[in-house]
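These notes concern the structure reproduced below.
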Amino acid sequence: MVAPDLVSEDDIAKLIMPDDLSDESALKTYIEVKVYDKEGHLIQHHRQPMRSLTQYFLALMSIPIIGTYTGSSANQAQSILTSLFGLPSQQYTYNYYSANILWDWSLVLGSGTQSFSPTLTSLAAPISNGTGAGELYYGPFGVSYTATSITATITVINYSASTITITEIGLKATIYLQYQNSSNQTTYNTYNFLLTYDTFSTPISLPPNGIASFQITITFTG
Amino acid sequence: MMIGKGNNDINVDIPNDAYDTGKDIPTFSAYLIAIVRDSTGKVIKVHKQKSHSSTANFIGLLLPLTWFRNTGSSFTMTNINNGTCSYSPNIGLNPECISYPNTYMNRPTYMATIQVGSGSQPNPSSAISLAAPIANGSGSGQLIYYPPLLPATATVSGNSVYFYISQEFSNQSGATITVAEVGIVLQLWLTNVNNSNYTNCGQVLVWYDVFSSPISVPNGGGIAIYYTFTVNP
């Protein structure tokens, strides 16, 4: 796009607001669900676009893009990490040692609904891990990737005696900030966030002894 | 949504809403903006386009711990000089993870530069460097790189949240320079917590775009590049 001449910095600032291009997204995300009954029959196959990334997703994405430091000589954390994640601007370390950062993800399911906000931190009504009434047994969580996408998958089993209805899904992140403490022991602080939140366009019903796989795929190339 | 009677995936019709319609609602956007000024400082061109391309290095750095644990594998980062390093974060004393600012040791992971170039390449996700980087300087074919400007914080606007980065470049080369490609370069340090293991991975390309039309920067003028990253635009 070529715009007319700009006369002020205000004009330029307006360009930064990303609201005037309508072509395809740089990132597509979708959720896919397969539900099997106790005999292994596929009874429901659901796929929908994901609509709701939180500000914490943006903050996590910022680490591979702009790093954790503000510069080569400034031993200070990026302001996005301190303001959105609440991470310290400097992590205490013992005796000239270092600190590092890593993260893990998990998929969580729920039976409630709530309005989306970029600051959401949890599902409306998370379904607990277990075999009791209203609980789901969460199987192994898996992650795979391609050159342009990352996919997260979890399989759940309903060992309860009643059908369980799943209406919401979220991708959670736990950030680990590791360091040597004052006793020279390796330790870490954790920070938990919700990266995505969506409600299903139609609820997912999982019958007793049924199995369901939930998959979120995030594609970074449009 | 569909209720079927098939056994596993065999002979089960896929419901219409299970197909990728290509009409997904955007949940994220990245924009690339270039503002060109002439030698008097007058803006002579504004170019704005969708940014489309993370690189493999970006994907590897975003992977969660689960992938590394489940696979027992590491991710090989390739820097702009074609050097490699192995990324395999984990909890504990020994694993090398992305460095974080701390009270003592400074092995910084930071955005080194927005780099501009005069070439292009067809598969951005596999790019490890720009096709034809424009060097920093005032010689022929060069642009003077000013330091990148980083976000003070993310901006919230309704359900949208965004941040942007920018960098300016000045053309003192004596001739017009054409910019055709741009990328974001991260200086990456991996370290464990007691300094017994650490690796300087060097500068890695994490984002790459080719301009939809090349941009001419006149002698004596300059170009400013803005990248904007937004969730829920």
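Naming scheme: A, B, ... for chains in displayed order of the structure tokens; residues 1 onward per chain; ligands 1 onward as shown.
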- request: With a distance cut-off of 7 Å and only C-alpha atoms, select the neighbouring residues of range 100-109 of chain B, excluding the residue or stretch itself and same-chain residues fewer than 3 positions from it, and output the selection as a list in words.
  value: Gly67, Thr68, Tyr69, Ser72, Asn75, Gln76, Ala77, Ser89, Gln90, Gln91, Tyr92, Thr93, Tyr96, Tyr97, Ser98, Ala99, Asn100 and Ile101 of chain A; Gln187, Leu188 and Trp189 of chain B
Residues of the last selection are to be written out with N, CA and C atoms, as an mmCIF file, in the first residue's frame.
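So out32.cif came out as:
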data_model
loop_
_atom_site.group_PDB
_atom_site.id
_atom_site.type_symbol
_atom_site.label_atom_id
_atom_site.label_comp_id
_atom_site.auth_asym_id
_atom_site.auth_seq_id
_atom_site.Cartn_x
_atom_site.Cartn_y
_atom_site.Cartn_z
ATOM 1 N N GLY A 67 13.646 -11.239 22.448
ATOM 2 C CA GLY A 67 14.524 -11.729 23.500
ATOM 3 C C GLY A 67 14.036 -11.383 24.891
ATOM 4 N N THR A 68 14.896 -11.638 25.844
ATOM 5 C CA THR A 68 14.559 -11.395 27.242
ATOM 6 C C THR A 68 15.218 -10.122 27.774
ATOM 7 N N TYR A 69 16.307 -9.689 27.165
ATOM 8 C CA TYR A 69 17.036 -8.493 27.599
ATOM 9 C C TYR A 69 16.625 -7.293 26.746
ATOM 10 N N SER A 72 22.224 -5.282 24.513
ATOM 11 C CA SER A 72 23.454 -6.039 24.704
ATOM 12 C C SER A 72 24.136 -5.740 26.038
ATOM 13 N N ASN A 75 21.366 -5.104 31.592
ATOM 14 C CA ASN A 75 20.993 -6.348 32.251
ATOM 15 C C ASN A 75 19.596 -6.208 32.860
ATOM 16 N N GLN A 76 18.642 -5.916 32.001
ATOM 17 C CA GLN A 76 17.261 -5.694 32.414
ATOM 18 C C GLN A 76 16.327 -6.462 31.484
ATOM 19 N N ALA A 77 15.240 -6.955 32.050
ATOM 20 C CA ALA A 77 14.287 -7.721 31.255
ATOM 21 C C ALA A 77 13.423 -6.811 30.400
ATOM 22 N N SER A 89 12.554 -7.720 36.734
ATOM 23 C CA SER A 89 13.447 -7.107 35.748
ATOM 24 C C SER A 89 14.845 -7.707 35.844
ATOM 25 N N GLN A 90 15.181 -8.192 37.028
ATOM 26 C CA GLN A 90 16.409 -8.963 37.219
ATOM 27 C C GLN A 90 16.099 -10.106 38.177
ATOM 28 N N GLN A 91 16.543 -11.285 37.839
ATOM 29 C CA GLN A 91 16.386 -12.412 38.750
ATOM 30 C C GLN A 91 17.618 -12.510 39.645
ATOM 31 N N TYR A 92 17.384 -12.571 40.939
ATOM 32 C CA TYR A 92 18.515 -12.767 41.853
ATOM 33 C C TYR A 92 19.223 -14.081 41.539
ATOM 34 N N THR A 93 20.531 -14.050 41.552
ATOM 35 C CA THR A 93 21.308 -15.282 41.434
ATOM 36 C C THR A 93 22.457 -15.243 42.429
ATOM 37 N N TYR A 96 27.554 -14.800 41.329
ATOM 38 C CA TYR A 96 27.906 -14.555 39.935
ATOM 39 C C TYR A 96 27.397 -15.630 38.979
ATOM 40 N N TYR A 97 26.347 -16.307 39.412
ATOM 41 C CA TYR A 97 25.776 -17.314 38.536
ATOM 42 C C TYR A 97 24.746 -16.676 37.602
ATOM 43 N N SER A 98 23.991 -17.526 36.910
ATOM 44 C CA SER A 98 23.087 -17.040 35.869
ATOM 45 C C SER A 98 21.643 -17.406 36.179
ATOM 46 N N ALA A 99 20.762 -16.903 35.348
ATOM 47 C CA ALA A 99 19.356 -17.287 35.391
ATOM 48 C C ALA A 99 18.924 -17.623 33.970
ATOM 49 N N ASN A 100 17.935 -18.477 33.872
ATOM 50 C CA ASN A 100 17.410 -18.787 32.545
ATOM 51 C C ASN A 100 15.908 -18.989 32.599
ATOM 52 N N ILE A 101 15.320 -19.087 31.426
ATOM 53 C CA ILE A 101 13.859 -19.154 31.333
ATOM 54 C C ILE A 101 13.459 -20.262 30.365
ATOM 55 N N GLN B 187 19.877 -12.030 19.025
ATOM 56 C CA GLN B 187 21.126 -12.539 19.600
ATOM 57 C C GLN B 187 20.749 -13.518 20.714
ATOM 58 N N LEU B 188 21.171 -14.762 20.557
ATOM 59 C CA LEU B 188 20.707 -15.827 21.447
ATOM 60 C C LEU B 188 21.854 -16.414 22.277
ATOM 61 N N TRP B 189 21.686 -16.319 23.591
ATOM 62 C CA TRP B 189 22.579 -17.000 24.519
ATOM 63 C C TRP B 189 21.789 -18.089 25.246
#
message: Which residues are near Ala34 in chain B? Cut-off 12 Å, only C-alpha atoms, ignore same chain within fewer than 6 positions. Put them as an NGL selection string.
response: (:A and (1-3 or 12 or 15-16)) or (:B and (43-51 or 114 or 116 or 165-169 or 179-182 or 211-217 or 222-228))
For the residues in the current selection, export C-alpha atoms as a JSON list (two decimals), in the first residue's frame.
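See out.json below for the written result:
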[["chain", "number", "residue", "atom", "x", "y", "z"],
["A", 1, "MET", "CA", 0.00, 0.00, 0.00],
["A", 2, "VAL", "CA", 1.27, 3.46, -0.79],
["A", 3, "ALA", "CA", -0.28, 6.24, 1.23],
["A", 12, "ILE", "CA", 2.85, 7.87, 11.31],
["A", 15, "LEU", "CA", -0.14, 3.56, 10.85],
["A", 16, "ILE", "CA", 1.05, 1.43, 13.70],
["B", 43, "VAL", "CA", 8.01, 11.43, 3.79],
["B", 44, "ILE", "CA", 7.90, 10.24, 0.21],
["B", 45, "LYS", "CA", 6.51, 6.75, 0.60],
["B", 46, "VAL", "CA", 4.63, 4.65, 3.10],
["B", 47, "HIS", "CA", 4.41, 0.94, 2.54],
["B", 48, "LYS", "CA", 2.29, -1.34, 4.71],
["B", 49, "GLN", "CA", 1.74, -5.05, 4.26],
["B", 50, "LYS", "CA", 0.89, -8.13, 6.21],
["B", 51, "SER", "CA", 3.92, -9.89, 7.57],
["B", 114, "ILE", "CA", 15.95, -5.44, 12.08],
["B", 116, "VAL", "CA", 17.25, -5.14, 5.56],
["B", 165, "ILE", "CA", 9.39, -2.63, 17.19],
["B", 166, "SER", "CA", 11.12, -0.27, 14.82],
["B", 167, "GLN", "CA", 14.46, 0.72, 13.42],
["B", 168, "GLU", "CA", 15.72, 3.51, 11.20],
["B", 169, "PHE", "CA", 18.26, 3.36, 8.42],
["B", 179, "VAL", "CA", 15.32, -2.58, -0.06],
["B", 180, "ALA", "CA", 13.51, -5.78, -0.99],
["B", 181, "GLU", "CA", 13.62, -7.97, 2.11],
["B", 182, "VAL", "CA", 13.62, -7.55, 5.87],
["B", 211, "PHE", "CA", 8.33, -6.63, 0.43],
["B", 212, "SER", "CA", 5.44, -6.96, -1.99],
["B", 213, "SER", "CA", 7.18, -4.26, -4.00],
["B", 214, "PRO", "CA", 10.81, -3.17, -3.55],
["B", 215, "ILE", "CA", 11.37, 0.12, -1.80],
["B", 216, "SER", "CA", 13.79, 2.75, -3.08],
["B", 217, "VAL", "CA", 15.64, 4.81, -0.51],
["B", 222, "GLY", "CA", 16.28, 7.13, 5.06],
["B", 223, "ILE", "CA", 13.85, 4.38, 5.78],
["B", 224, "ALA", "CA", 12.13, 3.40, 9.01],
["B", 225, "ILE", "CA", 10.87, -0.16, 9.43],
["B", 226, "TYR", "CA", 8.06, -1.00, 11.86],
["B", 227, "TYR", "CA", 6.90, -4.48, 12.80],
["B", 228, "THR", "CA", 3.59, -4.71, 14.67]]
query: Between B:Thr78, B:Asn219, B:Thr66, B:Thr178, which is the closest to chain A once you count only C-alpha atoms?
result: B:Thr66
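Each of B:Ser53, B:Thr176, B:Asn171, B:Ser29 was compared to Gln121 in chain B using only C-alpha atoms, and B:Ser53 turns out to be the nearest.
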task: Pick out each residue of range 6-158 of chain B that DSSP on the backbone tags as alpha helix (DSSP H); I need them as JSON, numbers by chain.
output: {"B": [56, 57, 58, 59, 60, 61, 62, 65, 66, 67, 68, 69, 70, 71]}
Output N, CA and C atoms for every residue in the selection just made, as a PDB file, in the first residue's frame.
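Listed below is the output, again12.pdb:
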ATOM      1  N   ALA B  56      12.091 -21.095  10.972  1.00  0.00           N
ATOM      2  CA  ALA B  56      12.212 -22.327  11.747  1.00  0.00           C
ATOM      3  C   ALA B  56      12.822 -22.045  13.117  1.00  0.00           C
ATOM      4  N   ASN B  57      13.752 -21.103  13.172  1.00  0.00           N
ATOM      5  CA  ASN B  57      14.345 -20.759  14.473  1.00  0.00           C
ATOM      6  C   ASN B  57      13.282 -20.282  15.452  1.00  0.00           C
ATOM      7  N   PHE B  58      12.334 -19.493  14.963  1.00  0.00           N
ATOM      8  CA  PHE B  58      11.250 -19.000  15.818  1.00  0.00           C
ATOM      9  C   PHE B  58      10.427 -20.170  16.356  1.00  0.00           C
ATOM     10  N   ILE B  59      10.064 -21.087  15.473  1.00  0.00           N
ATOM     11  CA  ILE B  59       9.265 -22.242  15.898  1.00  0.00           C
ATOM     12  C   ILE B  59      10.021 -23.022  16.982  1.00  0.00           C
ATOM     13  N   GLY B  60      11.294 -23.249  16.752  1.00  0.00           N
ATOM     14  CA  GLY B  60      12.079 -24.011  17.725  1.00  0.00           C
ATOM     15  C   GLY B  60      12.158 -23.334  19.076  1.00  0.00           C
ATOM     16  N   LEU B  61      12.300 -22.014  19.062  1.00  0.00           N
ATOM     17  CA  LEU B  61      12.399 -21.282  20.335  1.00  0.00           C
ATOM     18  C   LEU B  61      11.074 -21.228  21.073  1.00  0.00           C
ATOM     19  N   LEU B  62       9.963 -21.357  20.351  1.00  0.00           N
ATOM     20  CA  LEU B  62       8.655 -21.284  21.003  1.00  0.00           C
ATOM     21  C   LEU B  62       8.197 -22.643  21.536  1.00  0.00           C
ATOM     22  N   LEU B  65       8.395 -27.222  26.798  1.00  0.00           N
ATOM     23  CA  LEU B  65       9.187 -28.284  27.413  1.00  0.00           C
ATOM     24  C   LEU B  65       8.667 -29.674  27.046  1.00  0.00           C
ATOM     25  N   THR B  66       7.348 -29.809  26.946  1.00  0.00           N
ATOM     26  CA  THR B  66       6.761 -31.124  26.640  1.00  0.00           C
ATOM     27  C   THR B  66       7.366 -31.737  25.386  1.00  0.00           C
ATOM     28  N   TRP B  67       7.566 -30.941  24.363  1.00  0.00           N
ATOM     29  CA  TRP B  67       8.117 -31.507  23.129  1.00  0.00           C
ATOM     30  C   TRP B  67       9.524 -32.077  23.383  1.00  0.00           C
ATOM     31  N   PHE B  68      10.330 -31.338  24.101  1.00  0.00           N
ATOM     32  CA  PHE B  68      11.706 -31.787  24.350  1.00  0.00           C
ATOM     33  C   PHE B  68      11.713 -33.038  25.221  1.00  0.00           C
ATOM     34  N   ARG B  69      10.814 -33.079  26.203  1.00  0.00           N
ATOM     35  CA  ARG B  69      10.766 -34.245  27.091  1.00  0.00           C
ATOM     36  C   ARG B  69      10.216 -35.466  26.370  1.00  0.00           C
ATOM     37  N   ASN B  70       9.133 -35.257  25.615  1.00  0.00           N
ATOM     38  CA  ASN B  70       8.509 -36.403  24.953  1.00  0.00           C
ATOM     39  C   ASN B  70       9.412 -37.030  23.904  1.00  0.00           C
ATOM     40  N   THR B  71      10.122 -36.178  23.188  1.00  0.00           N
ATOM     41  CA  THR B  71      10.926 -36.683  22.073  1.00  0.00           C
ATOM     42  C   THR B  71      12.356 -37.009  22.491  1.00  0.00           C
TER      43      THR B  71
END
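From CA of Ile164 in chain A back to CA of Asp37 in chain A, the distance works out to 12.4 Å.
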message: With distances taken over only C-alpha atoms, which residue among B:Met111, B:Val185, B:Ile80, B:Ile177 lies nearest chain A?
response: B:Met111
query: So, counting only C-alpha atoms, which residue among B:Thr40, B:Asn194, B:Gln142, B:Ser118 is closest to chain A?
result: B:Asn194
- request: Go through range 62-191 of chain A and collect every residue that DSSP, computed from the backbone, puts in strand (DSSP E); the answer should be as a ChimeraX atom specification.
  value: /A:99-110,137-145,149-157,164-180,186-191
Dump C-alpha atoms for the selected residues as a PDB file, in the first residue's frame?
ATOM      1  CA  ALA A  99      19.356 -17.287  35.391  1.00  0.00           C
ATOM      2  CA  ASN A 100      17.410 -18.787  32.545  1.00  0.00           C
ATOM      3  CA  ILE A 101      13.859 -19.154  31.333  1.00  0.00           C
ATOM      4  CA  LEU A 102      11.822 -21.976  29.834  1.00  0.00           C
ATOM      5  CA  TRP A 103       8.154 -22.862  29.565  1.00  0.00           C
ATOM      6  CA  ASP A 104       5.735 -25.679  29.183  1.00  0.00           C
ATOM      7  CA  TRP A 105       2.185 -25.890  27.892  1.00  0.00           C
ATOM      8  CA  SER A 106      -0.899 -27.910  28.749  1.00  0.00           C
ATOM      9  CA  LEU A 107      -4.432 -28.167  27.414  1.00  0.00           C
ATOM     10  CA  VAL A 108      -7.292 -27.683  29.838  1.00  0.00           C
ATOM     11  CA  LEU A 109     -10.999 -28.361  29.329  1.00  0.00           C
ATOM     12  CA  GLY A 110     -14.010 -26.954  31.068  1.00  0.00           C
ATOM     13  CA  TYR A 137      -8.925 -38.530  33.078  1.00  0.00           C
ATOM     14  CA  TYR A 138      -6.298 -36.490  31.242  1.00  0.00           C
ATOM     15  CA  GLY A 139      -3.964 -38.685  29.222  1.00  0.00           C
ATOM     16  CA  PRO A 140      -0.512 -37.761  27.986  1.00  0.00           C
ATOM     17  CA  PHE A 141      -0.106 -34.312  26.504  1.00  0.00           C
ATOM     18  CA  GLY A 142       1.724 -34.132  23.192  1.00  0.00           C
ATOM     19  CA  VAL A 143       3.294 -31.434  21.068  1.00  0.00           C
ATOM     20  CA  SER A 144       4.468 -31.621  17.480  1.00  0.00           C
ATOM     21  CA  TYR A 145       5.585 -29.049  14.981  1.00  0.00           C
ATOM     22  CA  SER A 149       3.103 -24.581  12.892  1.00  0.00           C
ATOM     23  CA  ILE A 150       2.887 -26.079  16.361  1.00  0.00           C
ATOM     24  CA  THR A 151       0.200 -28.562  17.391  1.00  0.00           C
ATOM     25  CA  ALA A 152      -0.785 -29.450  20.951  1.00  0.00           C
ATOM     26  CA  THR A 153      -2.883 -32.550  21.628  1.00  0.00           C
ATOM     27  CA  ILE A 154      -4.453 -34.164  24.643  1.00  0.00           C
ATOM     28  CA  THR A 155      -6.603 -37.262  25.006  1.00  0.00           C
ATOM     29  CA  VAL A 156      -9.152 -37.519  27.792  1.00  0.00           C
ATOM     30  CA  ILE A 157     -11.257 -40.441  29.007  1.00  0.00           C
ATOM     31  CA  ILE A 164     -19.685 -35.091  30.456  1.00  0.00           C
ATOM     32  CA  THR A 165     -20.252 -31.989  28.380  1.00  0.00           C
ATOM     33  CA  ILE A 166     -17.209 -29.952  27.425  1.00  0.00           C
ATOM     34  CA  THR A 167     -17.861 -26.363  26.427  1.00  0.00           C
ATOM     35  CA  GLU A 168     -14.533 -24.546  26.728  1.00  0.00           C
ATOM     36  CA  ILE A 169     -10.867 -25.145  26.055  1.00  0.00           C
ATOM     37  CA  GLY A 170      -7.686 -23.292  26.854  1.00  0.00           C
ATOM     38  CA  LEU A 171      -3.975 -23.608  26.261  1.00  0.00           C
ATOM     39  CA  LYS A 172      -2.072 -22.923  29.451  1.00  0.00           C
ATOM     40  CA  ALA A 173       1.564 -22.026  29.931  1.00  0.00           C
ATOM     41  CA  THR A 174       3.825 -22.419  32.908  1.00  0.00           C
ATOM     42  CA  ILE A 175       6.956 -20.312  32.815  1.00  0.00           C
ATOM     43  CA  TYR A 176       9.964 -21.459  34.803  1.00  0.00           C
ATOM     44  CA  LEU A 177      12.539 -18.899  35.864  1.00  0.00           C
ATOM     45  CA  GLN A 178      15.551 -20.854  37.085  1.00  0.00           C
ATOM     46  CA  TYR A 179      18.421 -19.623  39.218  1.00  0.00           C
ATOM     47  CA  GLN A 180      20.805 -20.538  42.034  1.00  0.00           C
ATOM     48  CA  THR A 186      19.125 -24.755  41.827  1.00  0.00           C
ATOM     49  CA  THR A 187      15.565 -23.584  42.094  1.00  0.00           C
ATOM     50  CA  TYR A 188      12.875 -21.933  40.040  1.00  0.00           C
ATOM     51  CA  ASN A 189       9.853 -19.704  40.290  1.00  0.00           C
ATOM     52  CA  THR A 190       6.793 -20.545  38.235  1.00  0.00           C
ATOM     53  CA  TYR A 191       4.279 -18.263  36.558  1.00  0.00           C
TER      54      TYR A 191
END
field: Among listed residues B:Pro233, B:Leu93, B:Asn81, B:Ile33, nearest Asn184 in chain A (using only C-alpha atoms)
entry: B:Leu93
- prompt: At what distance in Å, to one decimal, does CA of Gly117 in chain B lie from CA of Val231 in chain B?
  reply: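 These atoms are spaced 27.9 Å apart.
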- request: Quick one: everything within 8 Å of Ser88 in chain B, counting only C-alpha atoms, minus sequence neighbours fewer than 5 positions away in the same chain. Send it as a PyMOL selection string.
  value: chain B and resi 68+73-75+95-97
- prompt: Neighbours of Phe116 in chain A within 8 Å (only C-alpha atoms; same-chain residues fewer than 4 positions away dropped), as JSON, numbers by chain?
  reply: {"A": [52, 120, 197, 198], "B": [159]}
